[in-house]
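A.B. asks: Shown below is the structure under consideration.
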Amino acid sequence: MNAKRLEPDSEYAKYDADGDGIVSDEEIAASERLQSLELQNEKADAQRNMCWFALWGMLLYPSLVLVSSYLELDKGADILGSMSSIYYISVAGVVSVWFGSQAYTSSKNGKNGK
């Protein structure tokens, strides 16, 4: 049986790692592994950015209360103050789940330093 050759400028040419014009099963599997790793990396970056955003929000939230009081927006300061307990618990939950998932993933992959 003759192997199927790629057409010139084929969209599948990027999977031809050795440049012989034939995309083998091994080349497709390697490409799938690389795509999977890239997606995992993008997911980890997005989760890390969400975690940092949440942490910055925790740090800046009290300044909103102070600014509201300074601008004599007492009702706004009261509302922000009453929301703070729920806000901090929610953000702490997001951050703790992220750190927990990172610890679980690293221990599952055998990267826990042992």
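Convention: chains lettered A, B, ... in structure tokens order; per-chain residue numbering from 1; ligands numbered from 1 as shown.
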Applying 8 Å and only C-alpha atoms, which residues near range 47-57 of chain A remain after dropping the ones on its own chain fewer than 3 positions away? List them as a PyMOL selection string.

C.D. replies: chain A and resi 43-44+60-61+91+94-95+98

A.B. asks: Excluding range 77-85 of chain A and any residue of its chain fewer than 4 positions from it, enumerate the residues within 12 Å of it, using only C-alpha atoms, and give them as a ChimeraX atom specification.

C.D. replies: /A:57-73,89-92

A.B. asks: Of the residues A:Phe99, A:Tyr15, A:Tyr104, A:Tyr87, which is the one nearest to Arg33 in chain A, using only C-alpha atoms?

C.D. replies: A:Tyr15

A.B. asks: Choose the residue, out of A:Ala13, A:Ile86, A:Gln102, A:Gln40, that has the smallest atom-to-atom separation from Ile28 in chain A; count only C-alpha atoms.

C.D. replies: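 Smallest separation from Ile28 in chain A among the options: A:Ala13.
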